[in-house]
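Visitor: What follows is the file target_17.cif, containing mmCIF, C-alpha atoms and all ligand atoms:
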```cif
data_query
#
loop_
_atom_site.label_atom_id
_atom_site.label_comp_id
_atom_site.auth_asym_id
_atom_site.auth_seq_id
_atom_site.Cartn_x
_atom_site.Cartn_y
_atom_site.Cartn_z
CA MET A 1 21.11 119.16 -87.70
CA LYS A 2 20.29 120.21 -91.28
CA ARG A 3 23.98 120.75 -92.07
CA SER A 4 25.03 117.37 -90.60
CA LEU A 5 22.50 115.62 -92.81
CA ALA A 6 23.38 117.37 -96.08
CA GLY A 7 23.46 114.81 -98.90
CA GLU A 8 21.72 112.04 -96.91
CA ILE A 9 18.55 110.48 -98.36
CA ILE A 10 16.76 110.55 -95.00
CA GLY A 11 16.41 113.89 -93.23
CA ASN A 12 16.79 116.00 -96.38
CA GLU A 13 13.82 118.02 -95.11
CA ILE A 14 12.78 118.29 -91.46
CA ARG A 15 9.30 119.23 -90.23
CA TYR A 16 9.57 119.97 -86.51
CA PHE A 17 6.66 120.31 -84.04
CA ALA A 18 6.85 121.16 -80.33
CA GLU A 19 3.62 119.20 -79.86
CA ILE A 20 1.58 117.07 -82.23
CA GLY A 21 -1.09 114.35 -82.16
CA SER A 22 1.06 111.70 -83.84
CA THR A 23 4.10 112.22 -86.10
CA ASN A 24 2.86 109.25 -88.17
CA ASP A 25 -0.44 111.02 -88.91
CA GLU A 26 1.38 114.17 -90.00
CA ALA A 27 3.86 112.24 -92.17
CA PHE A 28 0.96 110.31 -93.72
CA ARG A 29 -0.76 113.58 -94.58
CA LEU A 30 2.46 114.84 -96.19
CA GLY A 31 2.85 111.56 -98.08
CA TRP A 32 -0.64 112.05 -99.51
CA GLN A 33 0.30 115.56 -100.56
CA GLY A 34 3.14 114.03 -102.60
CA LEU A 35 6.17 115.09 -100.56
CA PRO A 36 9.29 113.15 -101.57
CA GLN A 37 10.91 110.32 -99.66
CA GLY A 38 13.36 111.26 -96.96
CA VAL A 39 11.19 114.02 -95.47
CA VAL A 40 11.07 113.52 -91.69
CA VAL A 41 8.63 114.70 -89.05
CA ILE A 42 9.99 115.22 -85.53
CA ALA A 43 8.00 116.16 -82.42
CA ASP A 44 9.00 117.03 -78.89
CA SER A 45 5.80 115.45 -77.55
CA GLN A 46 2.81 113.53 -78.90
CA LYS A 47 -0.70 113.82 -77.52
CA ALA A 48 -1.92 110.72 -79.37
CA GLY A 49 1.24 108.68 -80.00
CA ARG A 50 0.32 105.30 -81.47
CA GLY A 51 1.95 101.90 -81.17
CA ARG A 52 1.36 98.62 -82.99
CA LEU A 53 -1.85 96.64 -82.59
CA GLN A 54 -3.88 99.73 -81.64
CA ARG A 55 -1.85 100.46 -78.51
CA ALA A 56 -0.95 103.93 -77.25
CA TRP A 57 2.70 105.07 -77.29
CA HIS A 58 3.66 107.03 -74.17
CA SER A 59 5.16 110.28 -75.49
CA PRO A 60 6.08 112.74 -72.71
CA ALA A 61 7.53 116.14 -73.66
CA ARG A 62 11.25 116.73 -74.27
CA ALA A 63 12.32 113.28 -73.07
CA ASN A 64 12.34 110.95 -76.05
CA ILE A 65 12.56 110.68 -79.82
CA TYR A 66 9.33 110.67 -81.84
CA THR A 67 9.97 110.71 -85.57
CA SER A 68 8.24 109.55 -88.76
CA ILE A 69 9.85 109.21 -92.18
CA ILE A 70 8.32 109.18 -95.66
CA LEU A 71 9.72 106.40 -97.88
CA ARG A 72 8.84 105.55 -101.49
CA PRO A 73 10.71 102.27 -102.08
CA GLY A 74 8.86 101.11 -105.20
CA PHE A 75 8.43 97.56 -103.78
CA ALA A 76 5.43 95.29 -103.94
CA PRO A 77 3.40 95.53 -100.70
CA SER A 78 4.43 91.97 -99.73
CA ALA A 79 8.04 93.17 -99.30
CA ALA A 80 7.08 96.02 -96.94
CA PRO A 81 8.22 94.13 -93.78
CA ARG A 82 11.78 94.53 -95.11
CA LEU A 83 11.53 98.19 -94.23
CA THR A 84 10.86 97.59 -90.53
CA VAL A 85 13.68 95.04 -90.42
CA MET A 86 16.00 97.60 -92.04
CA ALA A 87 14.83 100.29 -89.60
CA GLY A 88 15.36 98.01 -86.58
CA LEU A 89 18.93 97.39 -87.70
CA ALA A 90 19.59 101.12 -88.19
CA VAL A 91 18.19 101.90 -84.71
CA ALA A 92 20.22 99.11 -83.08
CA GLU A 93 23.45 100.31 -84.74
CA THR A 94 22.70 103.84 -83.60
CA LEU A 95 22.00 102.86 -79.99
CA LYS A 96 25.26 100.88 -79.87
CA ILE A 97 27.11 104.19 -80.22
CA PHE A 98 25.48 105.53 -77.05
CA CYS A 99 25.02 102.44 -74.88
CA PRO A 100 27.43 99.62 -74.01
CA GLY A 101 24.62 97.19 -73.00
CA ILE A 102 23.51 94.18 -75.05
CA ILE A 103 21.28 95.45 -77.86
CA GLN A 104 18.95 93.02 -79.58
CA LEU A 105 16.20 93.02 -82.17
CA LYS A 106 12.90 91.38 -81.41
CA TRP A 107 10.68 90.45 -84.34
CA PRO A 108 8.78 92.16 -85.76
CA ASN A 109 10.06 95.60 -84.81
CA ASP A 110 11.24 96.16 -81.27
CA VAL A 111 14.74 97.08 -80.17
CA LEU A 112 15.80 95.83 -76.75
CA ILE A 113 18.57 96.77 -74.33
CA GLU A 114 19.37 94.00 -71.85
CA GLY A 115 16.05 92.37 -72.78
CA LYS A 116 13.90 95.49 -72.24
CA LYS A 117 12.16 97.48 -74.96
CA VAL A 118 13.81 100.82 -75.72
CA CYS A 119 12.37 101.45 -79.19
CA GLY A 120 9.25 100.59 -81.17
CA ILE A 121 8.64 101.00 -84.89
CA LEU A 122 5.25 101.52 -86.51
CA ALA A 123 5.07 101.22 -90.30
CA GLN A 124 2.01 102.38 -92.22
CA MET A 125 1.64 101.80 -95.92
CA GLN A 126 -0.35 103.41 -98.71
CA THR A 127 -0.69 101.21 -101.80
CA GLU A 128 -1.79 101.90 -105.35
CA ALA A 129 -2.35 99.21 -107.97
CA ASP A 130 -0.26 96.52 -106.25
CA GLN A 131 2.63 98.90 -105.61
CA ILE A 132 3.61 100.75 -102.48
CA SER A 133 2.85 104.40 -103.05
CA PHE A 134 4.56 105.38 -99.78
CA VAL A 135 5.41 103.98 -96.37
CA ILE A 136 5.54 105.95 -93.15
CA LEU A 137 8.14 104.60 -90.78
CA GLY A 138 7.38 105.84 -87.27
CA ILE A 139 10.15 105.40 -84.71
CA GLY A 140 9.89 106.01 -80.97
CA ILE A 141 13.06 105.76 -78.86
CA ASN A 142 13.02 106.12 -75.10
CA VAL A 143 15.99 108.39 -74.47
CA ASN A 144 15.89 110.44 -71.26
CA MET A 145 12.82 108.98 -69.58
CA SER A 146 13.44 107.97 -65.95
CA GLY A 147 12.10 104.80 -64.35
CA ASP A 148 9.42 106.92 -62.62
CA ASP A 149 8.24 108.26 -65.99
CA LEU A 150 7.44 104.77 -67.29
CA PRO A 151 3.72 103.92 -67.14
CA SER A 152 3.01 101.08 -64.67
CA ASP A 153 1.94 98.57 -67.36
CA ILE A 154 5.38 98.73 -69.05
CA LYS A 155 7.60 99.42 -66.02
CA ASN A 156 9.05 95.91 -66.03
CA SER A 157 9.34 95.44 -69.77
CA ALA A 158 10.57 98.86 -71.01
CA THR A 159 13.68 100.94 -70.49
CA SER A 160 15.41 104.09 -71.76
CA LEU A 161 18.96 105.01 -72.71
CA MET A 162 19.20 107.10 -69.54
CA ILE A 163 18.02 104.24 -67.32
CA GLN A 164 20.59 101.94 -68.93
CA THR A 165 23.58 104.30 -68.93
CA GLY A 166 22.86 106.62 -65.99
CA SER A 167 23.39 109.72 -68.13
CA VAL A 168 21.32 112.18 -70.16
CA HIS A 169 21.75 111.89 -73.96
CA SER A 170 21.44 114.46 -76.73
CA ARG A 171 18.38 113.60 -78.81
CA GLU A 172 19.80 115.65 -81.66
CA LYS A 173 23.02 113.61 -81.79
CA ILE A 174 21.03 110.37 -81.72
CA LEU A 175 18.72 111.59 -84.50
CA ILE A 176 21.63 112.61 -86.74
CA ASN A 177 23.22 109.16 -86.33
CA LEU A 178 19.86 107.48 -86.81
CA TYR A 179 19.07 109.27 -90.10
CA LYS A 180 22.60 108.55 -91.37
CA ASN A 181 22.30 104.84 -90.57
CA LEU A 182 18.81 104.72 -92.07
CA SER A 183 20.11 106.41 -95.24
CA LYS A 184 22.95 103.87 -95.49
CA TRP A 185 20.76 100.78 -95.06
CA TYR A 186 17.88 102.12 -97.15
CA LYS A 187 20.29 102.75 -100.03
CA LYS A 188 21.54 99.15 -99.65
CA LEU A 189 18.01 97.78 -99.51
CA THR A 190 16.80 99.58 -102.61
CA GLY A 191 20.10 98.94 -104.46
CA ASP A 192 21.78 95.62 -103.57
CA GLY A 193 18.73 93.98 -101.97
CA PHE A 194 17.90 92.52 -98.57
CA ASP A 195 20.57 89.81 -97.99
CA GLU A 196 23.14 91.79 -96.00
CA ILE A 197 20.44 93.46 -93.91
CA ARG A 198 18.82 90.11 -93.15
CA GLN A 199 22.18 88.66 -92.12
CA LYS A 200 23.07 91.59 -89.83
CA TRP A 201 19.55 91.61 -88.33
CA THR A 202 19.78 87.87 -87.61
CA GLU A 203 23.12 88.33 -85.79
CA MET A 204 21.33 90.63 -83.32
CA ALA A 205 18.00 88.80 -83.18
CA ALA A 206 16.60 87.93 -79.76
CA LEU A 207 14.23 85.09 -80.66
CA ILE A 208 16.05 82.94 -83.20
CA GLY A 209 16.47 79.35 -82.01
CA CYS A 210 13.99 79.80 -79.14
CA ASP A 211 10.59 78.15 -78.75
CA ILE A 212 8.18 81.05 -79.03
CA GLN A 213 4.51 81.91 -79.23
CA VAL A 214 3.17 84.51 -81.64
CA ALA A 215 -0.21 85.97 -80.75
CA TYR A 216 -2.26 87.74 -83.38
CA ARG A 217 -5.86 88.79 -82.69
CA SER A 218 -7.45 85.73 -81.04
CA GLU A 219 -4.95 83.23 -82.45
CA ALA A 220 -1.64 82.01 -81.04
CA ILE A 221 0.92 80.00 -83.00
CA ARG A 222 3.78 78.14 -81.33
CA GLY A 223 7.03 76.88 -82.76
CA LYS A 224 10.79 77.30 -82.94
CA ALA A 225 11.86 80.63 -84.47
CA LEU A 226 14.11 79.79 -87.43
CA GLY A 227 14.71 83.23 -88.89
CA ILE A 228 13.23 85.74 -91.31
CA ASP A 229 12.71 85.13 -95.01
CA GLU A 230 13.59 87.32 -97.99
CA GLU A 231 10.52 89.49 -97.44
CA GLY A 232 11.02 89.96 -93.69
CA ALA A 233 8.38 87.46 -92.51
CA LEU A 234 9.15 85.27 -89.47
CA ILE A 235 9.62 81.56 -90.15
CA LEU A 236 8.54 79.16 -87.40
CA ALA A 237 8.97 75.38 -87.30
CA GLY A 238 5.82 73.91 -85.79
CA ALA A 239 5.68 70.78 -83.58
CA ASP A 240 4.89 68.73 -86.72
CA GLY A 241 8.10 70.02 -88.34
CA LYS A 242 6.19 72.06 -90.92
CA GLN A 243 7.34 75.63 -91.49
CA VAL A 244 4.91 78.49 -90.97
CA ARG A 245 5.38 82.02 -92.31
CA ILE A 246 4.13 84.80 -90.01
CA LEU A 247 3.61 88.39 -91.06
CA ALA A 248 2.35 90.07 -87.88
CA GLY A 249 1.81 89.47 -84.18
CA ASP A 250 3.29 89.69 -80.72
CA ALA A 251 6.06 87.23 -80.02
CA SER A 252 7.05 85.88 -76.60
CA ILE A 253 9.61 83.27 -75.59
CA ILE A 254 8.35 79.97 -74.16
CA LYS A 255 11.76 78.32 -73.90
CA GLU A 256 15.19 79.89 -74.43
CA LYS A 257 17.49 78.24 -76.95
CA ARG A 258 19.94 75.76 -75.50
CA ASN A 259 23.28 77.47 -74.93
CA ALA A 260 26.18 75.23 -75.98
CA ALA A 261 28.58 77.15 -73.71
CA ARG A 262 26.50 76.40 -70.61
CA ASN A 263 26.81 73.08 -68.69
C1 LIG B 301 5.27 99.87 -81.08
O1 LIG B 301 6.25 99.30 -80.60
O2 LIG B 301 4.13 99.56 -80.73
C2 LIG B 301 5.51 100.96 -82.10
C3 LIG B 301 5.66 102.30 -81.47
C4 LIG B 301 5.91 103.43 -82.46
C5 LIG B 301 5.92 104.78 -81.81
C6 LIG B 301 6.33 105.86 -82.75
S1 LIG B 301 6.67 107.40 -81.97
C7 LIG B 301 6.74 108.20 -83.50
C8 LIG B 301 5.64 107.62 -84.35
N1 LIG B 301 4.38 108.32 -84.10
C9 LIG B 301 3.47 107.52 -83.55
O3 LIG B 301 2.31 107.86 -83.23
N2 LIG B 301 3.96 106.31 -83.37
C10 LIG B 301 5.34 106.20 -83.86
#
```
Take the structure in this file and express it as structure tokens.
Ligand code: BTN

Guide:
Amino acid sequence: MKRSLAGEIIGNEIRYFAEIGSTNDEAFRLGWQGLPQGVVVIADSQKAGRGRLQRAWHSPARANIYTSIILRPGFAPSAAPRLTVMAGLAVAETLKIFCPGIIQLKWPNDVLIEGKKVCGILAQMQTEADQISFVILGIGINVNMSGDDLPSDIKNSATSLMIQTGSVHSREKILINLYKNLSKWYKKLTGDGFDEIRQKWTEMAALIGCDIQVAYRSEAIRGKALGIDEEGALILAGADGKQVRILAGDASIIKEKRNAARN
């Protein structure tokens, strides 16, 4: 894997663990120690894998991908959501190589195959004087997990590459493609800006044009999903026509967008 990634920004150094608490915790520790961007942590299993909004991330041994990446983008903290958008796009492009099914991106940072979640992204940020000091981008991809391996609470909403394609996939091959795609889009993001990434992300977005609800803590906001702005925040049009900018939450569809091709 090291040789295949020579010269790439992401994956220039690999820290591998057979078992770990959480790859994000380890990458965060390394970020604190001052390790450069592009260093990746990979584990075969996680004992305390974490998801967004304080949820657990099911991380059985030798089945899936659990990786965390140190990034030092030099952005203001308000632009950090761009990184998860960029990562979602890189994951989606990677999965397209291995799976013919319909791959979509669900704001803020899920990747879906045929409407079911196959990947989640957890970004953690360390700031210093209004600047990002580093971001840890944690990516979990369900690769060779069978339907029976899925915990009962996510059985209907989650999937894996193996469930979708009926075959076992090489996690190493997927990781190499993932780090290459991440390197490509991260270079674009930190060089040319966010426009092309935003456009490509929108082409694959699951919620745009739908009436949705976004729940965050005890609040729920409803509206039509219009798109993401230049910082990666979701823009909703409320019932009163006013636009609302949303930075975090759990989105669900209330009404699908009207399909012009359907009678
Ligand atoms: C989510 O959808 O809730 C985000 C899930 C992120 C899971 C990954 S697995 C690798 C990294 N280590 C963790 O503890 N979490 C992330």

Visitor: Quick check, in Å to one decimal: how far apart do CA of Ile69 (chain A) and CA of Trp201 (chain A) lie?

Guide: 20.5 Å

Visitor: Do you know which residues are within 6 Å of ligand LIG 301 (chain B) using only C-alpha atoms and all ligand atoms? Can you write them as a count of residues only?

Guide: 18

Visitor: Hey, what's within 9 Å of region 219-231 of chain A if we count all atoms listed in the file and toss same-chain stuff fewer than 3 positions away? As a ChimeraX atom specification, please?

Guide: /A:78-82,107,194-195,198,202,205,207-216,234-239,241,243-245,249,254

Visitor: Check the smallest atom-to-atom distance from each of A:Leu35, A:Leu150, A:Ala43, A:Leu53 to Val135 (chain A) using only C-alpha atoms, then report the winner.

Guide: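 When distances to Val135 (chain A) are compared using only C-alpha atoms, the smallest one comes from A:Leu35.
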
Visitor: Could you check the closest approach to Gly232 (chain A) for each of A:Gly88, A:Gly101, A:Arg62, A:Ser160 and tell me which residue wins, using only C-alpha atoms?

Guide: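 For Gly232 (chain A), the nearest of the candidates is A:Gly88.
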